[in-house]
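Shown next: start-v4.tsv, containing TSV, C-alpha atoms.
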```
chain	number	residue	atom	x	y	z
C	1	MET	CA	26.04	107.24	55.56
C	2	SER	CA	27.53	106.13	58.85
C	3	ALA	CA	25.78	103.57	61.01
C	4	GLN	CA	27.51	105.14	64.02
C	5	PRO	CA	24.83	106.61	66.26
C	6	ASN	CA	24.64	110.34	66.88
C	7	PRO	CA	24.28	110.76	70.67
C	8	ALA	CA	21.82	113.64	70.12
C	9	THR	CA	19.56	111.55	67.88
C	10	PRO	CA	18.11	108.31	69.22
C	11	VAL	CA	18.99	105.47	66.88
C	12	VAL	CA	16.59	102.63	66.21
C	13	ILE	CA	18.44	99.35	66.44
C	14	ASP	CA	16.55	97.20	63.98
C	15	LYS	CA	17.45	94.86	61.15
C	16	PRO	CA	18.33	97.64	58.63
C	17	PHE	CA	20.52	99.38	61.21
C	18	LEU	CA	22.27	96.13	62.11
C	19	LEU	CA	22.89	95.28	58.45
C	20	ALA	CA	24.36	98.75	57.89
C	21	VAL	CA	26.62	98.65	60.94
C	22	LEU	CA	27.82	95.11	60.13
C	23	GLN	CA	28.68	96.18	56.58
C	24	GLU	CA	30.27	99.44	57.70
C	25	SER	CA	32.38	97.80	60.42
C	26	ARG	CA	33.50	95.12	57.93
C	27	GLU	CA	34.91	97.84	55.67
C	28	ILE	CA	36.45	99.80	58.55
C	29	PHE	CA	38.15	96.65	59.81
C	30	LEU	CA	39.45	95.55	56.40
C	31	ASN	CA	40.69	99.07	55.64
C	32	SER	CA	42.55	99.20	58.96
C	33	PHE	CA	45.18	96.78	57.67
C	34	ALA	CA	45.06	97.57	53.96
C	35	GLY	CA	48.60	97.96	52.67
C	36	VAL	CA	50.20	96.06	55.56
C	37	THR	CA	52.65	93.51	54.17
C	38	GLU	CA	52.80	89.91	55.35
C	39	GLU	CA	56.10	90.67	57.08
C	40	GLN	CA	54.73	93.81	58.77
C	41	SER	CA	51.62	91.92	59.88
C	42	ARG	CA	53.76	89.80	62.21
C	43	LEU	CA	55.51	92.70	63.96
C	44	LYS	CA	54.48	93.37	67.55
C	45	PRO	CA	54.69	96.78	69.23
C	46	ALA	CA	55.90	94.98	72.40
C	47	PRO	CA	56.48	91.31	73.25
C	48	GLU	CA	53.21	90.98	75.19
C	49	ARG	CA	51.13	92.87	72.60
C	50	TRP	CA	49.39	91.50	69.52
C	51	SER	CA	50.53	91.97	65.95
C	52	VAL	CA	48.17	92.97	63.13
C	53	LEU	CA	47.91	89.30	62.14
C	54	ASP	CA	47.18	88.32	65.76
C	55	THR	CA	44.40	90.91	65.90
C	56	VAL	CA	42.82	89.76	62.63
C	57	GLU	CA	43.05	86.14	63.80
C	58	HIS	CA	41.39	87.03	67.11
C	59	LEU	CA	38.47	88.88	65.52
C	60	THR	CA	37.95	86.20	62.87
C	61	THR	CA	37.99	83.44	65.48
C	62	ALA	CA	35.64	85.33	67.80
C	63	GLU	CA	33.13	85.99	65.01
C	64	THR	CA	33.23	82.35	63.92
C	65	VAL	CA	32.40	81.25	67.47
C	66	GLN	CA	29.69	83.89	67.87
C	67	LEU	CA	28.08	82.94	64.56
C	68	LYS	CA	28.02	79.31	65.59
C	69	LEU	CA	26.36	80.25	68.88
C	70	ILE	CA	23.56	82.30	67.31
C	71	ASN	CA	22.95	79.53	64.78
C	72	THR	CA	22.91	76.62	67.21
C	73	GLN	CA	22.51	77.70	70.84
C	74	ARG	CA	19.52	80.08	70.88
C	75	THR	CA	17.17	79.79	73.83
C	76	PRO	CA	14.04	81.82	74.66
C	77	ARG	CA	14.80	85.05	76.51
C	78	ALA	CA	12.87	85.89	79.66
C	79	ALA	CA	10.36	88.70	79.30
C	80	GLY	CA	11.52	91.92	80.86
C	81	THR	CA	15.23	91.20	80.40
C	82	PRO	CA	16.89	94.59	79.88
C	83	ASP	CA	18.23	95.35	76.42
C	84	ARG	CA	21.91	96.41	76.44
C	85	GLU	CA	22.55	97.02	72.76
C	86	TYR	CA	22.82	100.81	73.23
C	87	ALA	CA	25.44	100.28	75.94
C	88	PHE	CA	27.28	97.84	73.64
C	89	LEU	CA	27.29	100.45	70.85
C	90	GLN	CA	29.17	102.83	73.12
C	91	MET	CA	31.31	100.55	75.30
C	92	ILE	CA	32.70	97.87	72.99
C	93	PRO	CA	34.56	100.09	70.49
C	94	ASN	CA	35.99	102.22	73.33
C	95	ARG	CA	39.62	101.21	73.79
C	96	THR	CA	40.22	103.21	76.97
C	97	ARG	CA	39.31	100.07	78.90
C	98	THR	CA	41.20	96.91	77.98
C	99	MET	CA	39.61	93.48	78.09
C	100	GLU	CA	41.23	90.07	78.28
C	101	SER	CA	40.25	87.78	75.42
C	102	PRO	CA	38.68	84.43	76.24
C	103	GLU	CA	41.17	81.60	75.65
C	104	THR	CA	39.16	80.28	72.70
C	105	ALA	CA	39.72	83.51	70.73
C	106	LYS	CA	43.36	84.21	71.63
C	107	PRO	CA	45.71	84.16	68.64
C	108	ILE	CA	47.63	80.90	68.32
C	109	GLY	CA	48.73	80.97	64.68
C	110	ARG	CA	45.54	79.63	63.07
C	111	PHE	CA	46.36	81.43	59.81
C	112	ALA	CA	49.61	81.19	57.85
C	113	THR	CA	49.18	84.64	56.31
C	114	LEU	CA	47.33	87.90	56.79
C	115	ALA	CA	45.65	87.32	53.43
C	116	GLU	CA	44.30	83.96	54.63
C	117	ALA	CA	43.01	85.50	57.86
C	118	ALA	CA	41.40	88.39	55.95
C	119	GLU	CA	39.65	85.98	53.57
C	120	GLN	CA	38.28	83.96	56.48
C	121	PHE	CA	37.06	87.16	58.15
C	122	LYS	CA	35.27	88.18	54.91
C	123	THR	CA	33.67	84.73	54.64
C	124	THR	CA	32.55	84.72	58.26
C	125	ARG	CA	31.20	88.28	58.15
C	126	ALA	CA	29.30	87.44	54.94
C	127	SER	CA	27.73	84.51	56.81
C	128	VAL	CA	26.79	86.79	59.72
C	129	ILE	CA	25.12	89.22	57.32
C	130	ARG	CA	23.34	86.36	55.53
C	131	PHE	CA	22.15	85.03	58.93
C	132	LEU	CA	20.63	88.42	59.75
C	133	GLU	CA	19.07	88.86	56.30
C	134	GLN	CA	17.34	85.47	56.64
C	135	TYR	CA	16.42	85.77	60.33
C	136	THR	CA	12.66	86.21	60.68
C	137	GLU	CA	12.20	86.04	64.46
C	138	ASP	CA	12.26	88.91	66.95
C	139	LEU	CA	15.96	89.74	67.44
C	140	ARG	CA	15.35	90.25	71.16
C	141	ALA	CA	13.26	87.12	71.83
C	142	SER	CA	16.18	84.65	71.94
C	143	GLU	CA	19.50	84.70	73.71
C	144	VAL	CA	22.83	82.91	73.78
C	145	LYS	CA	25.75	82.84	76.19
C	146	HIS	CA	28.36	85.25	74.87
C	147	PRO	CA	31.87	83.73	74.86
C	148	HIS	CA	33.24	86.73	76.78
C	149	PRO	CA	32.39	86.37	80.47
C	150	ALA	CA	31.86	90.14	80.83
C	151	ALA	CA	28.84	89.97	78.50
C	152	GLY	CA	27.01	86.93	79.89
C	153	MET	CA	23.70	86.08	78.22
C	154	VAL	CA	22.93	88.30	75.23
C	155	SER	CA	20.02	88.63	72.85
C	156	ILE	CA	20.63	87.97	69.16
C	157	CYS	CA	20.41	91.74	68.66
C	158	GLU	CA	23.04	92.37	71.35
C	159	MET	CA	25.32	89.72	69.84
C	160	LEU	CA	25.11	91.31	66.40
C	161	VAL	CA	25.81	94.77	67.85
C	162	ALA	CA	28.73	93.29	69.77
C	163	MET	CA	30.13	91.69	66.62
C	164	ALA	CA	29.97	94.96	64.67
C	165	MET	CA	31.47	97.02	67.49
C	166	HIS	CA	34.14	94.39	68.17
C	167	ALA	CA	35.36	94.88	64.59
C	168	LYS	CA	35.52	98.65	65.14
C	169	ARG	CA	37.40	98.12	68.41
C	170	HIS	CA	40.03	96.00	66.70
C	171	ALA	CA	40.27	98.30	63.69
C	172	ALA	CA	41.28	100.99	66.20
C	173	GLN	CA	43.77	98.57	67.77
C	174	ILE	CA	45.33	97.89	64.37
C	175	GLU	CA	45.61	101.65	63.76
C	176	GLU	CA	47.41	101.91	67.13
C	177	ILE	CA	49.78	99.11	66.11
C	178	ARG	CA	50.48	100.75	62.76
C	179	THR	CA	51.15	104.11	64.43
C	180	THR	CA	53.45	102.62	67.09
C	181	LEU	CA	55.41	100.63	64.48
C	182	LYS	CA	55.27	103.48	61.93
C	183	LEU	CA	53.69	101.20	59.31
C	184	GLY	CA	52.04	104.09	57.49
```

Could you take the file, read its structure, and then write that structure out as structure tokens?
Amino acid sequence: MSAQPNPATPVVIDKPFLLAVLQESREIFLNSFAGVTEEQSRLKPAPERWSVLDTVEHLTTAETVQLKLINTQRTPRAAGTPDREYAFLQMIPNRTRTMESPETAKPIGRFATLAEAAEQFKTTRASVIRFLEQYTEDLRASEVKHPHPAAGMVSICEMLVAMAMHAKRHAAQIEEIRTTLKLG
């Protein structure tokens, strides 16, 4: 079963949906670089472009920051604030529009190996899923400032959707890198 919404069928974005899409996007992301060697993970399609390792580092770093925010920086959300999770479902994984990463999530060599970065991603995503499983409040009643300036203030629900879709976005980026470099 795919947690990807069917545009013809309205999807209900609730805790079970979020758990499914976080688990699904974890697998999609991990599978995107399965079989890439440590040496291949450092190859860049162009000098200004990211390698597979850079991309895994970026996503892992971003999720770590986002998890910290939803754990420690929640504030009450104003009534009537529009929900944007449906827009995030569609926009974030779409790679036709590029986005500049915030400085805090740019790759700087935080991980010595792809395996180390992948393990940290798995650990962080497991913590995100555990956070959601244990969260008992309304997912739309609190908000945090998203680290990407384009997002601004987001509800906990929007942040979780963004995290799942961000993984799908970068899985597609890794597939592009592999195709460009003919990594199989």

Computed gap from CA of Pro149 (chain C) to CA of Pro102 (chain C) is 7.8 Å

CA of Gln90 (chain C) to CA of Leu69 (chain C), straight-line distance in Å: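 CA of Leu69 (chain C) sits 23.1 Å away from CA of Gln90 (chain C).
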
Restricting to only C-alpha atoms, whichever of C:Glu158, C:Leu59, C:Lys106, C:Val36 is closest to Tyr86 (chain C) is C:Glu158

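Residue nearest Val12 (chain C), chosen from C:Ala164, C:Ile177, C:Ile156, C:Leu89 and counting only C-alpha atoms: C:Leu89.
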
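Among the candidate residues C:His148, C:Arg42, C:His58, C:Arg169, the one lying nearest to Ala112 (chain C) is C:Arg42, with distances computed using only C-alpha atoms.
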
Please, which residues are within 12 Å of (13.7, 89.1, 62.6) by the file's coordinates, counting all atoms listed in the file, and could they come as a tab-separated table (two decimals) with C-alpha atoms, keeping the file's coordinate frame?
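Ended up saving to point_30.tsv:
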```
chain	number	residue	atom	x	y	z
C	13	ILE	CA	18.44	99.35	66.44
C	14	ASP	CA	16.55	97.20	63.98
C	15	LYS	CA	17.45	94.86	61.15
C	16	PRO	CA	18.33	97.64	58.63
C	18	LEU	CA	22.27	96.13	62.11
C	19	LEU	CA	22.89	95.28	58.45
C	131	PHE	CA	22.15	85.03	58.93
C	132	LEU	CA	20.63	88.42	59.75
C	133	GLU	CA	19.07	88.86	56.30
C	134	GLN	CA	17.34	85.47	56.64
C	135	TYR	CA	16.42	85.77	60.33
C	136	THR	CA	12.66	86.21	60.68
C	137	GLU	CA	12.20	86.04	64.46
C	138	ASP	CA	12.26	88.91	66.95
C	139	LEU	CA	15.96	89.74	67.44
C	140	ARG	CA	15.35	90.25	71.16
C	141	ALA	CA	13.26	87.12	71.83
C	142	SER	CA	16.18	84.65	71.94
C	156	ILE	CA	20.63	87.97	69.16
C	157	CYS	CA	20.41	91.74	68.66
```

Exercise for review: For CA of Glu143 (chain C) and CA of Arg77 (chain C), quote the distance in Å rounded to one decimal.
Suggested key: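 The value is 5.5 Å.
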
| So, counting only C-alpha atoms, which residue among C:Thr113, C:Gln173, C:Arg178, C:Thr104 is closest to Gln66 (chain C)? |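 Result for the nearest residue to Gln66 (chain C): C:Thr104.
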